[in-house]
Amino acid sequence: MKHPVVLRPALWPLALVAIAYHAAFVWRASFVVDGARYFCLFDDAMISMRYARHLAGGQGLVWNPGEPPVEGFSNPLWTLVMSAVHFVPLPPRLLGILVEALGSLLLVALLFAVRGLCVRLVERGAPRALPWVAMVLVGSYQPLVFWTLEGTEVGLLALWATVAAILLLDGCRLGATYALLAAGTLVRMDFAVIALALAAGVAVLDRGRAATHAATAAMTLLAALALQTAARWLYFHDPLPNTYYLKLTGYPIGARVLQGLAVLWDTIVLSRGLLVLLPALGLALAPPGARARVLVLTIPFVATCGYSVWVGGDAWEGAIATNRYLCVTVPLLLIAAAWPLAWLAQRVARGRRGEPALAAFAAVACALVIAPWRATTLIEPPAYREVNAENTARAVAAVGLVREGGSVAAAAVGAIGYYTDRRIVDLLGKSDRHVARLPMHRASKSGLHFVPGHLKWDYAWSIGELKPDVVAQLWWNPREAQPFFERDYDVVRAVVDGRSLDLGVRRGSRFTVAP
């Protein structure tokens with residue numbers, strides 16, 4: 001029910017403001033290469049887009065058409081959604097904007113879900129401005145906006161977790177709610193961590209049905225995981241995604257966990273400690289009738305912190321203030337973080353009309369501190385825009401050097417693989433079983449450190465054995481590839497939009513074009 005004293009911000013104008021912000025982000029993230037504008041997603045998302053295009057084209061969930069399927073993605077249901085995008089008659093360079101538009105809608109829906117949770121807390125004694133403050137914090141949290149609009153599944157999973165939290169706290173039918181949570185593992189398997197965390201929190205809150213919560217959560221999750229494992233075995237002939245072997249095998253567990261702890265600490269520091277301090281204050285300020293519910297909202301974030309530590313963090317720590325794993329549960333955490341800000345606005349206003357303005361000011365000020373303000377305000381372009389532009393330029397150069405039927409090798413195979421539409425040799429092994437099962441390269445004097453998914457390569461295999469027609473890009477320690485370049489390749493310099501790019505072209509290949 002609606003509480004009569006809840007401050008009602010103009011929700012639809014707020015949604016329009018959010019959409020305008022998202023549009024500005026999308027435009028700032030786009031770029032022009034060879035006279036054409038590209039709406040390129042994050043490179044991992046572009047890998048999923050390549051699989052999605054082949055699925056939509058009737059070639060199956062394959063990296064290279066005609067080759068045995070390898071599960072080089074971690075988001076099957078999101079990849080299926082991406083495949084629907086490819087039925088829209090737009091050139092590939094523009095299809096990314098449809099995924100970004102869907103991400104924007106997911107973020108707006110998330111704001112309404114956050115408000116729904118907050119209204120329930122107001123009914124239990126939360127400050128009246130809590131929904132407004134929480135919506136502003138969630139809507140302007142730059143890492144969440146970044147990961148969602150860059151084409152990853154983060155926004156979908158954040159919405160999924162928030163809606164599930166509402167249903168669980170409302171005591172809705174447990175079977176259906178836990179089935180919804182279990183279905184989230186079809187987007188990403190590790191969503192099971194969040195599902196279990198929510199189940200554990202609600203079981204403590206609802207002690208009379210604790211055993212029912214535990215049994216229902218366990219059964220639905222096991223059923224969902226068993227179903228997708230069977231499907232994976234039948235289609236990909238492997239019980240686990242190829243990305244599991246790539247990221248979690250071949251490196252000492254202790255060193256990986258230490259790296260995960262280090263980057264988690266960096267995340268807290270980047271937030272000026274507010275990701276911890278504000279929710280802790282929220283728990284302290286909440287009355288007994290609401291405190292347990294606020295605690296339930298913080299448990300999934302703690303669980304994803306543990307998961308992030310276990311896997312060693314993400315590969316882009318620091319460039320984006322919060323990694324993809326944590327961002328899924330950040331909206332729930334920010335509801336707890338909004339509590340002390342709304343409480344402060346209420347105490348300062350003392351019932352006067354200025355409470356909404358004070359709440360808005362507090363929320364905006366916090367948003368500019370908890371994440372880098374230059375990125376939040378889009379003074380700086382979104383991270384990796386220039387990297388995406390260079391990779392796209394390499395794709396344009398590669399298309400000019402290799403005919404259809406030829407192959408291109410690269411490390412950043414998302415944009416390069418999607419925009420070349422040639423057979424792609426994945427140097428880092430996301431879609432290569434051989435590379436994914438190698439030991440990881442270790443730290444060295446060259447500054448190499450633990451970067452999940454980016455520490456396995458074998459130039460002898462990828463270049464020496466597979467013999468791609470064009471090598472668009474190498475990875476760390478390029479000297480390891482030198483013998484194969486000297487034997488089989490000529491280095492060609494291509495200039496695309498003023499970028500001078502060196503590519504390797506295989507001598508005598510019938511698929512290459514003379515530069």
# chains A, B, ... in the order shown; residues from 1 in each chain; ligands from 1
>>> residues_around(residues="Ile463 of chain A", least_positions_apart="5", cutoff="9 Å", atoms="only C-alpha atoms", output="MDAnalysis selection string")
chainID A and resid 409 425 427 458 468 471 481 484:485
>>> residues_around(residues="segment 246-259 of chain A", least_positions_apart="3", cutoff="6 Å", atoms="only C-alpha atoms", output="PDB file with all heavy atoms, in the first residue's frame")
ATOM      1  N   THR A 243      34.993 -19.949 -20.189  1.00  0.00           N
ATOM      2  CA  THR A 243      35.512 -18.835 -19.399  1.00  0.00           C
ATOM      3  C   THR A 243      35.875 -19.250 -17.975  1.00  0.00           C
ATOM      4  O   THR A 243      36.704 -18.605 -17.336  1.00  0.00           O
ATOM      5  CB  THR A 243      34.477 -17.696 -19.342  1.00  0.00           C
ATOM      6  OG1 THR A 243      33.216 -18.232 -18.945  1.00  0.00           O
ATOM      7  CG2 THR A 243      34.330 -17.036 -20.700  1.00  0.00           C
ATOM      8  N   ALA A 262      42.901  -7.102  -2.354  1.00  0.00           N
ATOM      9  CA  ALA A 262      43.523  -5.810  -2.649  1.00  0.00           C
ATOM     10  C   ALA A 262      42.594  -4.927  -3.475  1.00  0.00           C
ATOM     11  O   ALA A 262      42.429  -3.729  -3.188  1.00  0.00           O
ATOM     12  CB  ALA A 262      44.848  -6.019  -3.386  1.00  0.00           C
ATOM     13  N   VAL A 309      36.325 -11.465  -4.199  1.00  0.00           N
ATOM     14  CA  VAL A 309      37.633 -11.816  -3.626  1.00  0.00           C
ATOM     15  C   VAL A 309      38.055 -13.197  -4.107  1.00  0.00           C
ATOM     16  O   VAL A 309      39.212 -13.417  -4.496  1.00  0.00           O
ATOM     17  CB  VAL A 309      37.575 -11.760  -2.090  1.00  0.00           C
ATOM     18  CG1 VAL A 309      38.825 -12.404  -1.474  1.00  0.00           C
ATOM     19  CG2 VAL A 309      37.450 -10.313  -1.616  1.00  0.00           C
ATOM     20  N   TRP A 310      37.133 -14.148  -4.106  1.00  0.00           N
ATOM     21  CA  TRP A 310      37.460 -15.527  -4.479  1.00  0.00           C
ATOM     22  C   TRP A 310      37.959 -15.611  -5.933  1.00  0.00           C
ATOM     23  O   TRP A 310      38.910 -16.346  -6.216  1.00  0.00           O
ATOM     24  CB  TRP A 310      36.238 -16.418  -4.295  1.00  0.00           C
ATOM     25  CG  TRP A 310      36.415 -17.807  -4.838  1.00  0.00           C
ATOM     26  CD1 TRP A 310      35.816 -18.352  -5.925  1.00  0.00           C
ATOM     27  CD2 TRP A 310      37.272 -18.825  -4.314  1.00  0.00           C
ATOM     28  NE1 TRP A 310      36.240 -19.644  -6.133  1.00  0.00           N
ATOM     29  CE2 TRP A 310      37.139 -19.967  -5.142  1.00  0.00           C
ATOM     30  CE3 TRP A 310      38.149 -18.885  -3.230  1.00  0.00           C
ATOM     31  CZ2 TRP A 310      37.834 -21.140  -4.923  1.00  0.00           C
ATOM     32  CZ3 TRP A 310      38.844 -20.069  -3.006  1.00  0.00           C
ATOM     33  CH2 TRP A 310      38.685 -21.181  -3.839  1.00  0.00           C
ATOM     34  N   GLY A 312      39.344 -13.231  -7.582  1.00  0.00           N
ATOM     35  CA  GLY A 312      40.460 -12.319  -7.826  1.00  0.00           C
ATOM     36  C   GLY A 312      40.067 -10.970  -8.370  1.00  0.00           C
ATOM     37  O   GLY A 312      40.897 -10.253  -8.925  1.00  0.00           O
ATOM     38  N   ALA A 436      42.465 -21.725 -23.061  1.00  0.00           N
ATOM     39  CA  ALA A 436      41.776 -21.572 -21.778  1.00  0.00           C
ATOM     40  C   ALA A 436      42.263 -22.561 -20.732  1.00  0.00           C
ATOM     41  O   ALA A 436      42.175 -22.291 -19.529  1.00  0.00           O
ATOM     42  CB  ALA A 436      40.272 -21.729 -21.979  1.00  0.00           C
ATOM     43  N   PRO A 439      48.225 -23.087 -18.134  1.00  0.00           N
ATOM     44  CA  PRO A 439      48.533 -22.333 -16.909  1.00  0.00           C
ATOM     45  C   PRO A 439      48.599 -20.849 -17.219  1.00  0.00           C
ATOM     46  O   PRO A 439      48.924 -20.447 -18.341  1.00  0.00           O
ATOM     47  CB  PRO A 439      49.920 -22.867 -16.500  1.00  0.00           C
ATOM     48  CG  PRO A 439      50.121 -24.103 -17.298  1.00  0.00           C
ATOM     49  CD  PRO A 439      49.319 -23.965 -18.554  1.00  0.00           C
ATOM     50  N   MET A 440      48.278 -20.025 -16.235  1.00  0.00           N
ATOM     51  CA  MET A 440      48.380 -18.585 -16.428  1.00  0.00           C
ATOM     52  C   MET A 440      49.840 -18.148 -16.363  1.00  0.00           C
ATOM     53  O   MET A 440      50.641 -18.736 -15.641  1.00  0.00           O
ATOM     54  CB  MET A 440      47.594 -17.838 -15.348  1.00  0.00           C
ATOM     55  CG  MET A 440      46.099 -18.024 -15.410  1.00  0.00           C
ATOM     56  SD  MET A 440      45.257 -16.898 -14.250  1.00  0.00           S
ATOM     57  CE  MET A 440      43.623 -17.637 -14.217  1.00  0.00           C
ATOM     58  N   PRO A 452      42.223 -11.257 -14.299  1.00  0.00           N
ATOM     59  CA  PRO A 452      41.385 -12.405 -14.679  1.00  0.00           C
ATOM     60  C   PRO A 452      41.031 -12.413 -16.165  1.00  0.00           C
ATOM     61  O   PRO A 452      40.601 -11.408 -16.730  1.00  0.00           O
ATOM     62  CB  PRO A 452      40.128 -12.208 -13.814  1.00  0.00           C
ATOM     63  CG  PRO A 452      40.592 -11.410 -12.646  1.00  0.00           C
ATOM     64  CD  PRO A 452      41.651 -10.495 -13.172  1.00  0.00           C
ATOM     65  N   GLY A 453      41.222 -13.570 -16.784  1.00  0.00           N
ATOM     66  CA  GLY A 453      40.871 -13.735 -18.187  1.00  0.00           C
ATOM     67  C   GLY A 453      41.867 -13.183 -19.183  1.00  0.00           C
ATOM     68  O   GLY A 453      41.633 -13.257 -20.391  1.00  0.00           O
TER      69      GLY A 453
END
>>> residues_around(residues="Ile320 of chain A", least_positions_apart="5", cutoff="10 Å", atoms="only C-alpha atoms", output="count of residues only")
13
>>> select_by_dssp(residues="segment 122-261 of chain A", states="alpha helix (DSSP H)", output="PyMOL selection string")
chain A and resi 122+130-139+142-149+154-169+174-183+191-205+210-236+242-248+253-261
>>> residues_around(residues="Leu501 of chain A", least_positions_apart="3", cutoff="9 Å", atoms="only C-alpha atoms", output="PyMOL selection string")
chain A and resi 390+393-394+397+472+492-496
>>> write_last_selection(atoms="N, CA, C and O atoms", output="mmCIF file, in the first residue's frame")
data_model
loop_
_atom_site.group_PDB
_atom_site.id
_atom_site.type_symbol
_atom_site.label_atom_id
_atom_site.label_comp_id
_atom_site.auth_asym_id
_atom_site.auth_seq_id
_atom_site.Cartn_x
_atom_site.Cartn_y
_atom_site.Cartn_z
ATOM 1 N N GLU A 390 40.190 2.478 -31.099
ATOM 2 C CA GLU A 390 41.380 1.900 -31.741
ATOM 3 C C GLU A 390 41.120 0.480 -32.219
ATOM 4 O O GLU A 390 41.531 0.094 -33.316
ATOM 5 N N ALA A 393 39.193 0.658 -35.321
ATOM 6 C CA ALA A 393 40.079 1.043 -36.424
ATOM 7 C C ALA A 393 40.895 -0.157 -36.900
ATOM 8 O O ALA A 393 41.122 -0.335 -38.108
ATOM 9 N N ARG A 394 41.327 -0.994 -35.962
ATOM 10 C CA ARG A 394 42.055 -2.210 -36.353
ATOM 11 C C ARG A 394 41.146 -3.163 -37.128
ATOM 12 O O ARG A 394 41.598 -3.839 -38.063
ATOM 13 N N ALA A 397 40.945 -1.788 -40.602
ATOM 14 C CA ALA A 397 42.193 -2.078 -41.312
ATOM 15 C C ALA A 397 42.265 -3.547 -41.702
ATOM 16 O O ALA A 397 42.689 -3.887 -42.821
ATOM 17 N N ALA A 472 45.911 -8.782 -36.175
ATOM 18 C CA ALA A 472 45.521 -7.386 -35.994
ATOM 19 C C ALA A 472 46.111 -6.782 -34.737
ATOM 20 O O ALA A 472 46.221 -5.554 -34.622
ATOM 21 N N VAL A 492 52.642 -4.755 -41.852
ATOM 22 C CA VAL A 492 52.082 -3.735 -42.725
ATOM 23 C C VAL A 492 51.548 -2.605 -41.848
ATOM 24 O O VAL A 492 50.868 -2.853 -40.841
ATOM 25 N N ARG A 493 51.852 -1.386 -42.224
ATOM 26 C CA ARG A 493 51.354 -0.236 -41.475
ATOM 27 C C ARG A 493 50.127 0.334 -42.182
ATOM 28 O O ARG A 493 50.185 0.728 -43.344
ATOM 29 N N ALA A 494 49.007 0.337 -41.466
ATOM 30 C CA ALA A 494 47.766 0.920 -41.995
ATOM 31 C C ALA A 494 47.465 2.199 -41.230
ATOM 32 O O ALA A 494 47.715 2.289 -40.031
ATOM 33 N N VAL A 495 46.933 3.176 -41.918
ATOM 34 C CA VAL A 495 46.554 4.444 -41.290
ATOM 35 C C VAL A 495 45.036 4.596 -41.406
ATOM 36 O O VAL A 495 44.492 4.631 -42.510
ATOM 37 N N VAL A 496 44.375 4.645 -40.269
ATOM 38 C CA VAL A 496 42.920 4.802 -40.222
ATOM 39 C C VAL A 496 42.617 6.000 -39.339
ATOM 40 O O VAL A 496 42.910 5.990 -38.140
#
>>> residues_around(residues="Arg487 of chain A", least_positions_apart="4", cutoff="12 Å", atoms="only C-alpha atoms", output="list in words")
Ile463, Gly464, Lys467, Ala481, Gln482, Pro483, Val491, Gly504, Val505, Arg506, Arg507 and Gly508 of chain A
>>> write_last_selection(atoms="C-alpha atoms", output="PDB file, in the first residue's frame")
ATOM      1  CA  ILE A 463      49.938 -17.873 -34.654  1.00  0.00           C
ATOM      2  CA  GLY A 464      52.407 -20.682 -35.302  1.00  0.00           C
ATOM      3  CA  LYS A 467      48.271 -19.409 -38.973  1.00  0.00           C
ATOM      4  CA  ALA A 481      55.542 -14.005 -31.292  1.00  0.00           C
ATOM      5  CA  GLN A 482      58.637 -12.709 -33.088  1.00  0.00           C
ATOM      6  CA  PRO A 483      59.858 -16.093 -34.439  1.00  0.00           C
ATOM      7  CA  VAL A 491      54.338  -6.182 -40.919  1.00  0.00           C
ATOM      8  CA  GLY A 504      50.896  -8.766 -39.537  1.00  0.00           C
ATOM      9  CA  VAL A 505      49.952 -10.169 -42.959  1.00  0.00           C
ATOM     10  CA  ARG A 506      50.774 -13.816 -43.722  1.00  0.00           C
ATOM     11  CA  ARG A 507      52.965 -14.288 -46.762  1.00  0.00           C
ATOM     12  CA  GLY A 508      51.498 -16.217 -49.638  1.00  0.00           C
TER      13      GLY A 508
END
>>> closest_residue(among="A:Arg422, A:Glu150, A:Leu198, A:Ser431", to="Leu61 of chain A", atoms="only C-alpha atoms")
A:Ser431
>>> residues_around(residues="Leu11 of chain A", least_positions_apart="2", cutoff="10 Å", atoms="only C-alpha atoms", output="number ranges by chain")
A: 8-9, 13-17, 111-112, 115, 132, 135
>>> write_last_selection(atoms="N, CA, C and O atoms", output="PDB file, in the first residue's frame")
ATOM      1  N   ARG A   8       6.538  12.334  -2.557  1.00  0.00           N
ATOM      2  CA  ARG A   8       6.376  11.797  -3.906  1.00  0.00           C
ATOM      3  C   ARG A   8       7.082  12.703  -4.900  1.00  0.00           C
ATOM      4  O   ARG A   8       6.522  13.695  -5.347  1.00  0.00           O
ATOM      5  N   PRO A   9       8.321  12.381  -5.261  1.00  0.00           N
ATOM      6  CA  PRO A   9       8.975  13.150  -6.303  1.00  0.00           C
ATOM      7  C   PRO A   9       8.248  12.918  -7.627  1.00  0.00           C
ATOM      8  O   PRO A   9       7.494  11.963  -7.782  1.00  0.00           O
ATOM      9  N   PRO A  13       9.089  12.710 -14.593  1.00  0.00           N
ATOM     10  CA  PRO A  13      10.173  13.642 -14.931  1.00  0.00           C
ATOM     11  C   PRO A  13      11.542  13.120 -14.518  1.00  0.00           C
ATOM     12  O   PRO A  13      12.524  13.305 -15.239  1.00  0.00           O
ATOM     13  N   LEU A  14      11.611  12.451 -13.357  1.00  0.00           N
ATOM     14  CA  LEU A  14      12.889  11.861 -12.946  1.00  0.00           C
ATOM     15  C   LEU A  14      13.332  10.796 -13.944  1.00  0.00           C
ATOM     16  O   LEU A  14      14.512  10.708 -14.292  1.00  0.00           O
ATOM     17  N   ALA A  15      12.374   9.998 -14.418  1.00  0.00           N
ATOM     18  CA  ALA A  15      12.707   8.981 -15.419  1.00  0.00           C
ATOM     19  C   ALA A  15      13.225   9.639 -16.703  1.00  0.00           C
ATOM     20  O   ALA A  15      14.175   9.152 -17.325  1.00  0.00           O
ATOM     21  N   LEU A  16      12.608  10.740 -17.097  1.00  0.00           N
ATOM     22  CA  LEU A  16      13.057  11.447 -18.303  1.00  0.00           C
ATOM     23  C   LEU A  16      14.459  12.029 -18.117  1.00  0.00           C
ATOM     24  O   LEU A  16      15.277  12.018 -19.045  1.00  0.00           O
ATOM     25  N   VAL A  17      14.732  12.543 -16.907  1.00  0.00           N
ATOM     26  CA  VAL A  17      16.078  13.034 -16.618  1.00  0.00           C
ATOM     27  C   VAL A  17      17.091  11.894 -16.722  1.00  0.00           C
ATOM     28  O   VAL A  17      18.185  12.048 -17.290  1.00  0.00           O
ATOM     29  N   LEU A 111      14.961   2.031 -11.016  1.00  0.00           N
ATOM     30  CA  LEU A 111      14.624   3.150 -10.141  1.00  0.00           C
ATOM     31  C   LEU A 111      13.245   2.953  -9.511  1.00  0.00           C
ATOM     32  O   LEU A 111      13.047   3.211  -8.317  1.00  0.00           O
ATOM     33  N   PHE A 112      12.293   2.484 -10.294  1.00  0.00           N
ATOM     34  CA  PHE A 112      10.960   2.250  -9.756  1.00  0.00           C
ATOM     35  C   PHE A 112      10.965   1.083  -8.761  1.00  0.00           C
ATOM     36  O   PHE A 112      10.242   1.117  -7.757  1.00  0.00           O
ATOM     37  N   ARG A 115      12.355   2.410  -5.559  1.00  0.00           N
ATOM     38  CA  ARG A 115      11.328   3.180  -4.852  1.00  0.00           C
ATOM     39  C   ARG A 115      10.352   2.245  -4.147  1.00  0.00           C
ATOM     40  O   ARG A 115       9.936   2.500  -3.008  1.00  0.00           O
ATOM     41  N   TRP A 132      13.307   9.079  -2.464  1.00  0.00           N
ATOM     42  CA  TRP A 132      13.918  10.086  -3.340  1.00  0.00           C
ATOM     43  C   TRP A 132      15.438   9.995  -3.299  1.00  0.00           C
ATOM     44  O   TRP A 132      16.111   9.972  -4.332  1.00  0.00           O
ATOM     45  N   MET A 135      16.697   6.745  -4.989  1.00  0.00           N
ATOM     46  CA  MET A 135      16.572   6.773  -6.443  1.00  0.00           C
ATOM     47  C   MET A 135      17.664   7.633  -7.074  1.00  0.00           C
ATOM     48  O   MET A 135      18.238   7.271  -8.111  1.00  0.00           O
TER      49      MET A 135
END
>>> closest_residue(among="A:Thr420, A:Asn391, A:Thr229, A:Ser407", to="Cys40 of chain A", atoms="only C-alpha atoms")
A:Asn391
>>> residues_around(residues="segment 286-297 of chain A", least_positions_apart="5", cutoff="8 Å", atoms="only C-alpha atoms", output="list in words")
Leu121, Arg124, Gly125, Ala126, Ala165, Leu169, Leu198, Gly201, Val202, Leu205, Leu332, Leu333, Ile335, Ala336 and Trp339 of chain A
>>> select_by_dssp(residues="segment 9-168 of chain A", states="strand (DSSP E or B)", output="list in words")
Phe31, Val32, Val33, Ala36, Arg37 and Tyr38 of chain A
>>> write_last_selection(atoms="all heavy atoms", output="PDB file, in the first residue's frame")
ATOM      1  N   PHE A  31      31.924   7.035 -31.149  1.00  0.00           N
ATOM      2  CA  PHE A  31      33.098   7.620 -31.804  1.00  0.00           C
ATOM      3  C   PHE A  31      32.969   7.446 -33.310  1.00  0.00           C
ATOM      4  O   PHE A  31      32.121   6.674 -33.801  1.00  0.00           O
ATOM      5  CB  PHE A  31      34.380   6.960 -31.300  1.00  0.00           C
ATOM      6  CG  PHE A  31      34.338   5.449 -31.313  1.00  0.00           C
ATOM      7  CD1 PHE A  31      34.593   4.741 -32.482  1.00  0.00           C
ATOM      8  CD2 PHE A  31      34.022   4.745 -30.166  1.00  0.00           C
ATOM      9  CE1 PHE A  31      34.538   3.365 -32.506  1.00  0.00           C
ATOM     10  CE2 PHE A  31      33.966   3.353 -30.176  1.00  0.00           C
ATOM     11  CZ  PHE A  31      34.225   2.667 -31.345  1.00  0.00           C
ATOM     12  N   VAL A  32      33.815   8.161 -34.016  1.00  0.00           N
ATOM     13  CA  VAL A  32      33.821   8.097 -35.482  1.00  0.00           C
ATOM     14  C   VAL A  32      35.115   7.448 -35.938  1.00  0.00           C
ATOM     15  O   VAL A  32      36.203   7.828 -35.499  1.00  0.00           O
ATOM     16  CB  VAL A  32      33.689   9.506 -36.098  1.00  0.00           C
ATOM     17  CG1 VAL A  32      33.833   9.449 -37.614  1.00  0.00           C
ATOM     18  CG2 VAL A  32      32.341  10.122 -35.718  1.00  0.00           C
ATOM     19  N   VAL A  33      34.997   6.445 -36.790  1.00  0.00           N
ATOM     20  CA  VAL A  33      36.142   5.778 -37.403  1.00  0.00           C
ATOM     21  C   VAL A  33      35.887   5.672 -38.895  1.00  0.00           C
ATOM     22  O   VAL A  33      34.810   5.228 -39.314  1.00  0.00           O
ATOM     23  CB  VAL A  33      36.381   4.372 -36.800  1.00  0.00           C
ATOM     24  CG1 VAL A  33      37.410   3.598 -37.618  1.00  0.00           C
ATOM     25  CG2 VAL A  33      36.840   4.477 -35.349  1.00  0.00           C
ATOM     26  N   ALA A  36      32.567   7.096 -40.195  1.00  0.00           N
ATOM     27  CA  ALA A  36      31.281   6.546 -39.764  1.00  0.00           C
ATOM     28  C   ALA A  36      31.241   6.504 -38.240  1.00  0.00           C
ATOM     29  O   ALA A  36      32.244   6.206 -37.588  1.00  0.00           O
ATOM     30  CB  ALA A  36      31.073   5.145 -40.337  1.00  0.00           C
ATOM     31  N   ARG A  37      30.069   6.773 -37.678  1.00  0.00           N
ATOM     32  CA  ARG A  37      29.920   6.740 -36.221  1.00  0.00           C
ATOM     33  C   ARG A  37      29.587   5.330 -35.770  1.00  0.00           C
ATOM     34  O   ARG A  37      28.738   4.654 -36.351  1.00  0.00           O
ATOM     35  CB  ARG A  37      28.842   7.723 -35.752  1.00  0.00           C
ATOM     36  CG  ARG A  37      28.718   7.787 -34.221  1.00  0.00           C
ATOM     37  CD  ARG A  37      27.970   9.005 -33.758  1.00  0.00           C
ATOM     38  NE  ARG A  37      28.711  10.230 -34.040  1.00  0.00           N
ATOM     39  CZ  ARG A  37      29.671  10.736 -33.254  1.00  0.00           C
ATOM     40  NH1 ARG A  37      30.032  10.095 -32.146  1.00  0.00           N
ATOM     41  NH2 ARG A  37      30.264  11.857 -33.597  1.00  0.00           N
ATOM     42  N   TYR A  38      30.248   4.906 -34.699  1.00  0.00           N
ATOM     43  CA  TYR A  38      30.061   3.576 -34.120  1.00  0.00           C
ATOM     44  C   TYR A  38      29.509   3.706 -32.702  1.00  0.00           C
ATOM     45  O   TYR A  38      29.969   4.538 -31.918  1.00  0.00           O
ATOM     46  CB  TYR A  38      31.384   2.820 -34.060  1.00  0.00           C
ATOM     47  CG  TYR A  38      31.868   2.295 -35.389  1.00  0.00           C
ATOM     48  CD1 TYR A  38      32.461   3.149 -36.318  1.00  0.00           C
ATOM     49  CD2 TYR A  38      31.749   0.950 -35.726  1.00  0.00           C
ATOM     50  CE1 TYR A  38      32.917   2.674 -37.545  1.00  0.00           C
ATOM     51  CE2 TYR A  38      32.206   0.466 -36.950  1.00  0.00           C
ATOM     52  CZ  TYR A  38      32.784   1.329 -37.846  1.00  0.00           C
ATOM     53  OH  TYR A  38      33.237   0.861 -39.056  1.00  0.00           O
TER      54      TYR A  38
END
>>> closest_residue(among="A:Tyr418, A:Phe361, A:Trp373, A:Phe450", to="Ala45 of chain A", atoms="only C-alpha atoms")
A:Tyr418
>>> closest_residue(among="A:Trp78, A:Tyr141, A:Phe42, A:Tyr178", to="Ala365 of chain A", atoms="only C-alpha atoms")
A:Tyr141
>>> closest_residue(among="A:Ala337, A:Ile47, A:Ala176, A:Ile19", to="Ala412 of chain A", atoms="only C-alpha atoms")
A:Ile47
>>> atom_distance(atom1="atom CA of Met49 of chain A", atom2="atom CA of Tyr419 of chain A")
10.4 Å
>>> closest_residue(among="A:Leu225, A:Ala210, A:Ala20, A:Ala338", to="Ala363 of chain A", atoms="only C-alpha atoms")
A:Ala338
>>> decode(residues="segment 355-365 of chain A", atoms="N, CA, C and O atoms", output="PDB file, in the first residue's frame")
ATOM      1  N   GLU A 355      12.486  20.132   2.963  1.00  0.00           N
ATOM      2  CA  GLU A 355      13.029  18.775   3.096  1.00  0.00           C
ATOM      3  C   GLU A 355      13.349  18.109   1.759  1.00  0.00           C
ATOM      4  O   GLU A 355      14.421  17.522   1.599  1.00  0.00           O
ATOM      5  N   PRO A 356      12.461  18.178   0.739  1.00  0.00           N
ATOM      6  CA  PRO A 356      12.822  17.561  -0.542  1.00  0.00           C
ATOM      7  C   PRO A 356      14.092  18.145  -1.146  1.00  0.00           C
ATOM      8  O   PRO A 356      14.929  17.423  -1.680  1.00  0.00           O
ATOM      9  N   ALA A 357      14.254  19.480  -1.073  1.00  0.00           N
ATOM     10  CA  ALA A 357      15.449  20.112  -1.635  1.00  0.00           C
ATOM     11  C   ALA A 357      16.699  19.679  -0.888  1.00  0.00           C
ATOM     12  O   ALA A 357      17.744  19.407  -1.494  1.00  0.00           O
ATOM     13  N   LEU A 358      16.612  19.623   0.457  1.00  0.00           N
ATOM     14  CA  LEU A 358      17.767  19.165   1.246  1.00  0.00           C
ATOM     15  C   LEU A 358      18.112  17.713   0.919  1.00  0.00           C
ATOM     16  O   LEU A 358      19.289  17.358   0.798  1.00  0.00           O
ATOM     17  N   ALA A 359      17.087  16.883   0.775  1.00  0.00           N
ATOM     18  CA  ALA A 359      17.319  15.479   0.444  1.00  0.00           C
ATOM     19  C   ALA A 359      17.991  15.347  -0.923  1.00  0.00           C
ATOM     20  O   ALA A 359      18.937  14.570  -1.104  1.00  0.00           O
ATOM     21  N   ALA A 360      17.503  16.137  -1.893  1.00  0.00           N
ATOM     22  CA  ALA A 360      18.093  16.101  -3.231  1.00  0.00           C
ATOM     23  C   ALA A 360      19.541  16.563  -3.203  1.00  0.00           C
ATOM     24  O   ALA A 360      20.416  15.958  -3.837  1.00  0.00           O
ATOM     25  N   PHE A 361      19.807  17.634  -2.454  1.00  0.00           N
ATOM     26  CA  PHE A 361      21.178  18.143  -2.358  1.00  0.00           C
ATOM     27  C   PHE A 361      22.097  17.094  -1.744  1.00  0.00           C
ATOM     28  O   PHE A 361      23.209  16.865  -2.237  1.00  0.00           O
ATOM     29  N   ALA A 362      21.650  16.458  -0.666  1.00  0.00           N
ATOM     30  CA  ALA A 362      22.469  15.444  -0.008  1.00  0.00           C
ATOM     31  C   ALA A 362      22.748  14.267  -0.941  1.00  0.00           C
ATOM     32  O   ALA A 362      23.866  13.742  -0.999  1.00  0.00           O
ATOM     33  N   ALA A 363      21.721  13.858  -1.695  1.00  0.00           N
ATOM     34  CA  ALA A 363      21.884  12.718  -2.601  1.00  0.00           C
ATOM     35  C   ALA A 363      22.861  13.031  -3.724  1.00  0.00           C
ATOM     36  O   ALA A 363      23.739  12.228  -4.051  1.00  0.00           O
ATOM     37  N   VAL A 364      22.713  14.217  -4.330  1.00  0.00           N
ATOM     38  CA  VAL A 364      23.598  14.599  -5.429  1.00  0.00           C
ATOM     39  C   VAL A 364      25.035  14.757  -4.932  1.00  0.00           C
ATOM     40  O   VAL A 364      25.996  14.284  -5.582  1.00  0.00           O
ATOM     41  N   ALA A 365      25.215  15.394  -3.785  1.00  0.00           N
ATOM     42  CA  ALA A 365      26.561  15.570  -3.230  1.00  0.00           C
ATOM     43  C   ALA A 365      27.213  14.226  -2.973  1.00  0.00           C
ATOM     44  O   ALA A 365      28.401  14.022  -3.280  1.00  0.00           O
TER      45      ALA A 365
END
